[in-house]
Structure formats: structure tokens, C-alpha cells
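Report on one structure; see the data block that follows.
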Number of protein chains: 2
Amino acid sequence: VVDRPRPATLEQLPTPAAVIDLARVQRNTAHMAARARRLGVRLRPHVKTHKCVAVARLQVADHFGGITVSTLAEAEHFAAAGFDDIIFAVPIAPGRVPRAVALAARIGRLTLLVDDDVAIDALEAAATHGAISVCLKVDCGYHRAGVDPTSEAALGLARRLHAAPNLVFAGILAHAGHSYDCVGADAIRAVAEEERAVTVGFAERLRAAGVPVGEVSVGSTPTSMLADDLTGVTEIRPGNYALFDVFQASIGSCTADDIALSVVTEIMGAYPDRGSLLVDAGALALSKDPGPRHVRVDGGFGLVCDLAGTPLPGFTLVGLCQEHGKIRLSPGTPLHGLRVGDRLRIMPNHSCLVTALHARLYVAEGRRIVDEWRPVRGW
Amino acid sequence: VVDRPRPATLEQLPTPAAVIDLARVQRNTAHMAARARRLGVRLRPHVKTHKCVAVARLQVADHFGGITVSTLAEAEHFAAAGFDDIIFAVPIAPGRVPRAVALAARIGRLTLLVDDDVAIDALEAAATHGAISVCLKVDCGYHRAGVDPTSEAALGLARRLHAAPNLVFAGILAHAGHSYDCVGADAIRAVAEEERAVTVGFAERLRAAGVPVGEVSVGSTPTSMLADDLTGVTEIRPGNYALFDVFQASIGSCTADDIALSVVTEIMGAYPDRGSLLVDAGALALSKDPGPRHVRVDGGFGLVCDLAGTPLPGFTLVGLCQEHGKIRLSPGTPLHGLRVGDRLRIMPNHSCLVTALHARLYVAEGRRIVDEWRPVRGW
């Protein structure tokens, strides 16, 4: 990244550029913080969506300061910025244990996630110099990771963690990723209740078996936005809500007006005879995330807006090559005078994948650029 | 990126890790260089697939040294490494003109691409201090960018470029991206002949109209691998062939044994009851490129292999989250003793999108890591 003077406005950004709307991210983070307080749970926000210290600070305001990360690179980066209660919420791969243990020794608490004996073997072998905080991952219906909470094996792993002399069994953790398959608030609320009930039920089962359970941690953005009751839950870990995206708006976690991330792009080709425009935001600026195809099969690779952020009806981002975005105009769609050199703004399908593609995120108040934030990258 | 001692073997890599098989990239680049010589055309390889100087040097060996880039960041990076004949093969966005013109003044030849009057206006306005080399982009059937070669407008743009005092009309350029929609060598050969015939035909039309045409530049990896005849063409610009990927192997540009890029990943979850494994290569390690869905709708997000690179039948990478890859095992598929902590190797669907996600590409001879290359990132 070559350092250049910071552009002053959206019109001056080098394109493609990832832009965060400051007012929206402030509103989104304040809303979730208030929700968590109202529901009586601690908020341990996920930072993987933005990977920026500045956004994480907004997320933890008025809460205890704990965060959730998806990589050790994030854990190390946020630890260096002063965050000292971190959950690495992906099952720990044994190859990562030495680095994780080294970090755990440097901060207040780093909690690792397990759902397998081999990983626990690796942690026990590495934990000879001090205690390691560990959560047991529970499958609450998503079927990506985690133990079956009704199984004997799950009970066995919890007992092992509880008994291990150099491990601290911090509690249990679930993630209702299947909330992303929903359409509408009622469907999401049902998954939120499933996430809560399965996880709290597993905690009760463990306690009845003599295994104390501290944290009962749940949370995806859709379920955290819509849950009505979190009885028995101690903390939630939403992340995407800080920025939101077209996916979240499509399933009903938010509205399009809440989306705080966009990519500013320049028109580099105009083909009215073919009904298409070419913009300089391709797969390396927007990711190839197909978005909520269960809601709208032909929704394209993001929501095409004018530079002010107003959606342009009839404009669909139908294809992404490496550095090209192809916009198709529905028949009869007015071009609004747009031509090569004009700028558009794309609200992305999946914010978490977009921020990770950009060395810097420009921070905007209206059209004015007021700051830039640098996401930590890699692993 | 934290600097750490270089790992010695595939087993020691921090995962997920992008790995280039040196023998394969040497073979792939030598093969294309020989093909171009045999076909009587210059090879101006695209470097966007890897963005690494070391690979570009292999690509241009025994040719004239010209390269093709997809971003100005690539152009500046390769220029700094001594490449001095570069085509920026994406229609120039007017906002990029000042930076492009500044680079053009520093190297032997930077050629820009246009297909629109507005872009030419911007170039003419910027070209007061010296000549700018420009190619006219032609649509040879892909319909992404470029002028319709049968149109009056195309002739008008070529005449304008030829007549512009501060522009050097270098020639015409086409890209048969629709070769990626093919299945099998015969279909690709037909697109290659279309690419050639349309582009050469347009050159002849321009010459007949009194507009001299220098370069007649074509090329995608599929068409460059399979074209039998390139009469009238002066140069080809394939890029993906240096590494290849599952997409190219699926449509018939290469075989799976030619794929030189893979991602080494560690198993972090094993769920035999659910018939699935979880690996630590997710969407940020492999991209969400769906691969050749027109060939195989359920092919998954890459080809799952053991660490030696041998495909594992019955293993399908069915889903990618940000940092998780979910492998589904077909019923009855043996686990081969694999468990948490073991390593697999994923051949990616689309190499160009994968290399751009990694700060470094590890270079392997067999299982030994002998070097690491750093792709240039951003724009």
C-alpha cells in the first residue's frame, strides 16, 4: 500500500474503495448494545466482520469489553490494542495451539474452542505452564461444528474439560448459523429460540451431571437482532450487525438503510446497445458471495446505488470478474445520464468478505471522508 | 504480516497456506511459451493470476518480455521490478488516468485500453506532455467490454485514436472470456477461432478504411491452450495457465495434474456421525468462486486432496464460511484415518481469486518449501 494524502470526499476516492458510513455504524453498534442490556446478557461482539480496532471500540461501548475473533491474527491484533478478554470462536486446530498458548500468556483471558478429543489432547500437552480457558462448542442445529448436545460423547468431553488440571472449563458456546437460511423476522425468532433452548438445555444437562457451566454463549446477527428472550444465556456474540449487508437486509435482520459498508466504483464501460455498464469493482473488491439466493435468485452481487447511496431500480450487478463488475439494465431502465467516469456505490452481499479484501476502509460522514481504518488481514 | 522463519515442509506451514508447486509452474509456463512460438505469435502473459514477479519472469522467458496487468498497482509493481512493456488490459477509468500517465512516463511503454469517447477525452486532456499508447478494445463475442467490431462507432473510435496527436494507436485487443462457458477441447477451439476471426477481421476492416493497425492481441487461457491457428494475430495474453485451477481442468484447458496452486489446510473438526469434516480454509482462503457449475453443479469449492495432492474420492467441499470449510463425505466414503490435526490440500476453483487473498505464496518442490513469493495487492 502506497501512502497518499487522504481523499476528502467520495468523489476523490481511488476506486474501488470500501467506505464505512460512520453514522450508521454508530447507530448499529449502539442499537445492539442497548438490546443486549435490555435482554440481560453481556455483549461479546464478533470483530471478524470489520477486523478494525475502531469499530470494535464502538461495539464494546457500555459493555464489559470482551470480544470474539475468527483468527489468531485478529486475536493478536486486538490484544495489542488493549482488548484482554477474547474468545477465538473457531474450533482450535492443533497446529495453532502453540501460538494460541503464547498469546494466552500475554493477556487477561484468551478462550479457545474445542469439540474433539484430539484438540483437547493438544491443549493439555501445551498447558503445562499455566491454565488455558476453554469453551465446548455445541451444535444448536446449524451442523457446521460442535458436539451433539444430546450425546454421551458431549457429556464425556465436558467432564474431561472440567477435570483437566491445566484447563479452565469456561462454558459452552453455540452459533445459529442456520438463521441465515431464514426469510423474515418470525422465522429468525424461531431459530433464536432454538439456539437459546438447545444451548441452555445442554448447560442444564451438564450441571445436572455435576459439571459446572459458566458461560452460556450464543449468537448470530439475525438471532441477536430478533431474539425476544434469552433466559439462561450469559452472553451474545453477533458481529455482522456493525456493518450489515444486503444478505441481512434481505432476510429481515435490518433494513437497507442500516447497511454501513459500501464500495465506491467508477463506470469504465457503457454499452447502452447491450443494456450493460462495466464498473471497476470486481470479485477482488466485492467477493463472489452470491448473497441470499433463497430470497432472490437473481439479486446479483450487491445492491447498485448512486453515489449518495440511493438504490437504482433496474440496475443489477449480474457478474463479477476479477476486476470487472457487469451491471445489467432491465429493459426500459433510464440511464440517469450516467456515463464512463461517473461513480456508483455498491452495497455488498456479505460485508465480512468485503472488508477483508481492502487494505483500508474509508470512513465517511455523508460525502466527506473523515478517517480511514485498516483491517488486520491473514491468519 | 508478522515475519517468522520460513517453514521447511508442507507439514510445517501455518494454515491455511497457499502453495505453488514449482515444477508445475515451470512446466506450465514453458509449455505456453513453446506454443506461442509454434503458433508464430508473441506471448504477452497476463500476471493477474499470481501478481508475483518470480512467476512473471518464468512466463516471459524466451519471449520479448511484455506483460499484461489488471490493475495499476500491478503495473507499478512490475514496472519497479524492471518490466517495461505493459498493457493494462481493463478499459481505463477516467479517474485512473493521472496515475496511469505518470507511470507511462517512467517506463518504456504502458499501453492503456479504451472503448469509449469519454475515456479518450480524458487521455487526450492528460497527454499534453507526451504520447500515450492506446489499444482499442473489441468485443469478440464475450459481451463484457469492447466495441462492436461491425459498428460504425467502432470505426469512428479507431479513426479518432489514429488521428489524435498525443495518442499512439497501438492496435486492437480482444478477450474471449466466453471460452470459460465451454466444455471440452472442441468447443474451446471453436471459440478460439471466433476470437481470432472476429479480431483479425476487425483489423482488416480498419486497414481497409485507412487506419493502420499494429497489434492484434487476443487470448484467454482456454483459447491460447487450444487454438490451432492464429493467422493475423500478433500476440496472445493468457494468464491463468501459469497456475491453472479446477475450472480450467473441468472445461478441458488442462488436466488436474497441471494445477500448480493449492491451499494446505488443517482439519479442525471431525463429525463422522454427520458425515462431515471441518477444515480451516474458508472463503477468505479459497474465495467463494463456485467453479464450473455448467460442468458439474455439485463440484464444491475446490478439489479435496491429501497432502501429497492426490484427490480423495467422496470428499466434497460443500460449503465455505469466512474461516471454515465444510467437507461432506459421500455415504460409505472411507475416512483414511483422518482426524483433527491432519492436513489436506485443496486445489482451488479459481486461482486468480485465491492468490490475491494470501500475503505470501509458499513455493514447494514436492513437500519441501524452497521459497515464498509475495503477490502485490489492491489497486
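How things are named: the first chain in the C-alpha cells is A, the next is B, and so on; residues count from 1 in each chain; ligands count from 1 in the order shown.
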_List the spatial neighbours of segment 13-24 of chain B as a PyMOL selection string - criterion: any atom at most 9 Å away, only C-alpha atoms, same-chain residues fewer than 5 positions off excluded._
(chain A and resi 95-96+379) or (chain B and resi 6-8+29+242-243+257-266+279-282+285+343+354-355+358+360-366+369-370+372)
Please find the residues of chain A near chain B - the criterion being any atom within 6 Å, counting only C-alpha atoms - and write them as a PDB file with N, CA, C and O atoms, in the first residue's frame.
ATOM      1  N   PRO A  91     -13.228 -23.801  16.193  1.00  0.00           N
ATOM      2  CA  PRO A  91     -12.553 -24.923  16.878  1.00  0.00           C
ATOM      3  C   PRO A  91     -11.046 -24.830  16.675  1.00  0.00           C
ATOM      4  O   PRO A  91     -10.571 -24.663  15.553  1.00  0.00           O
ATOM      5  N   ALA A  93      -7.485 -25.583  15.852  1.00  0.00           N
ATOM      6  CA  ALA A  93      -6.733 -26.612  15.126  1.00  0.00           C
ATOM      7  C   ALA A  93      -5.459 -26.865  15.921  1.00  0.00           C
ATOM      8  O   ALA A  93      -4.801 -25.917  16.359  1.00  0.00           O
ATOM      9  N   PRO A  94      -5.109 -28.130  16.136  1.00  0.00           N
ATOM     10  CA  PRO A  94      -3.931 -28.429  16.960  1.00  0.00           C
ATOM     11  C   PRO A  94      -2.673 -27.694  16.511  1.00  0.00           C
ATOM     12  O   PRO A  94      -1.869 -27.266  17.344  1.00  0.00           O
ATOM     13  N   MET A 268     -16.450   2.187 -16.062  1.00  0.00           N
ATOM     14  CA  MET A 268     -15.349   2.201 -17.032  1.00  0.00           C
ATOM     15  C   MET A 268     -15.800   1.725 -18.406  1.00  0.00           C
ATOM     16  O   MET A 268     -15.019   1.765 -19.357  1.00  0.00           O
ATOM     17  N   LYS A 288     -17.081 -12.981  -4.304  1.00  0.00           N
ATOM     18  CA  LYS A 288     -18.063 -13.653  -5.167  1.00  0.00           C
ATOM     19  C   LYS A 288     -19.238 -14.191  -4.349  1.00  0.00           C
ATOM     20  O   LYS A 288     -19.928 -15.112  -4.794  1.00  0.00           O
ATOM     21  N   ASP A 289     -19.447 -13.644  -3.173  1.00  0.00           N
ATOM     22  CA  ASP A 289     -20.572 -14.144  -2.377  1.00  0.00           C
ATOM     23  C   ASP A 289     -21.876 -13.935  -3.141  1.00  0.00           C
ATOM     24  O   ASP A 289     -22.200 -12.819  -3.529  1.00  0.00           O
ATOM     25  N   GLY A 341     -16.766   7.198 -16.310  1.00  0.00           N
ATOM     26  CA  GLY A 341     -16.162   8.175 -15.422  1.00  0.00           C
ATOM     27  C   GLY A 341     -17.049   8.547 -14.244  1.00  0.00           C
ATOM     28  O   GLY A 341     -16.562   9.075 -13.248  1.00  0.00           O
TER      29      GLY A 341
END
_Point-to-point distance from atom CA of Gly210 of chain A to atom CA of Ala154 of chain A, Å rounded to tenths_ =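 Spanning atom CA of Gly210 of chain A to atom CA of Ala154 of chain A is a straight-line distance of 13.8 Å.
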*From the set B:Val47, B:Ala79, B:Ala30, B:Ala126, which residue has the shortest atom-to-atom contact distance to Pro375 of chain B, counting only C-alpha atoms?*
B:Val47
*Shell around Val183 of chain B at 10 Å using only C-alpha atoms, local window under 2 positions removed, as a ChimeraX atom specification*: /B:179-181,185-188,248,250-253,292,294-295
*In Å, with one decimal, what is the gap from atom CA of Asn166 of chain A to atom CA of Ala127 of chain A?*
5.7 Å
*What is the atom CA of Ala75 of chain A to atom CA of Cys135 of chain A distance in Å?*
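Spanning atom CA of Ala75 of chain A to atom CA of Cys135 of chain A is a straight-line distance of 16.1 Å.
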*asked:* Using only C-alpha atoms, which protein or nucleic acid residues come within 6 Å of Arg44 of chain B? Drop anything in the same chain fewer than 4 positions from it, and give the result as a ChimeraX atom specification.
replied: /B:66-67,236-237
*From a DSSP pass on the backbone, collect the residues of segment 57-227 of chain A flagged as helix (DSSP H, G or I) and hand them back as a PyMOL selection string.*
chain A and resi 57-60+72-80+94-104+117-129+152-163+177-181+185-208+221-226
*Fewer than 3 positions away in the same chain doesn't count, so skip those; otherwise give me all residues within 9 Å of Arg106 of chain A, counting only C-alpha atoms, as a list of chain:residue names.*
A:Ala79, A:Asp84, A:Val101, A:Ala102, A:Leu103, A:Arg109
*Taking the chain letters and numbering used in this document, name the residues of segment 80-293 of chain B that DSSP puts in strand (DSSP E), as a PyMOL selection string.*
chain B and resi 85-91+109-114+132-137+167-173+215-218+235-236+261-271+276-279
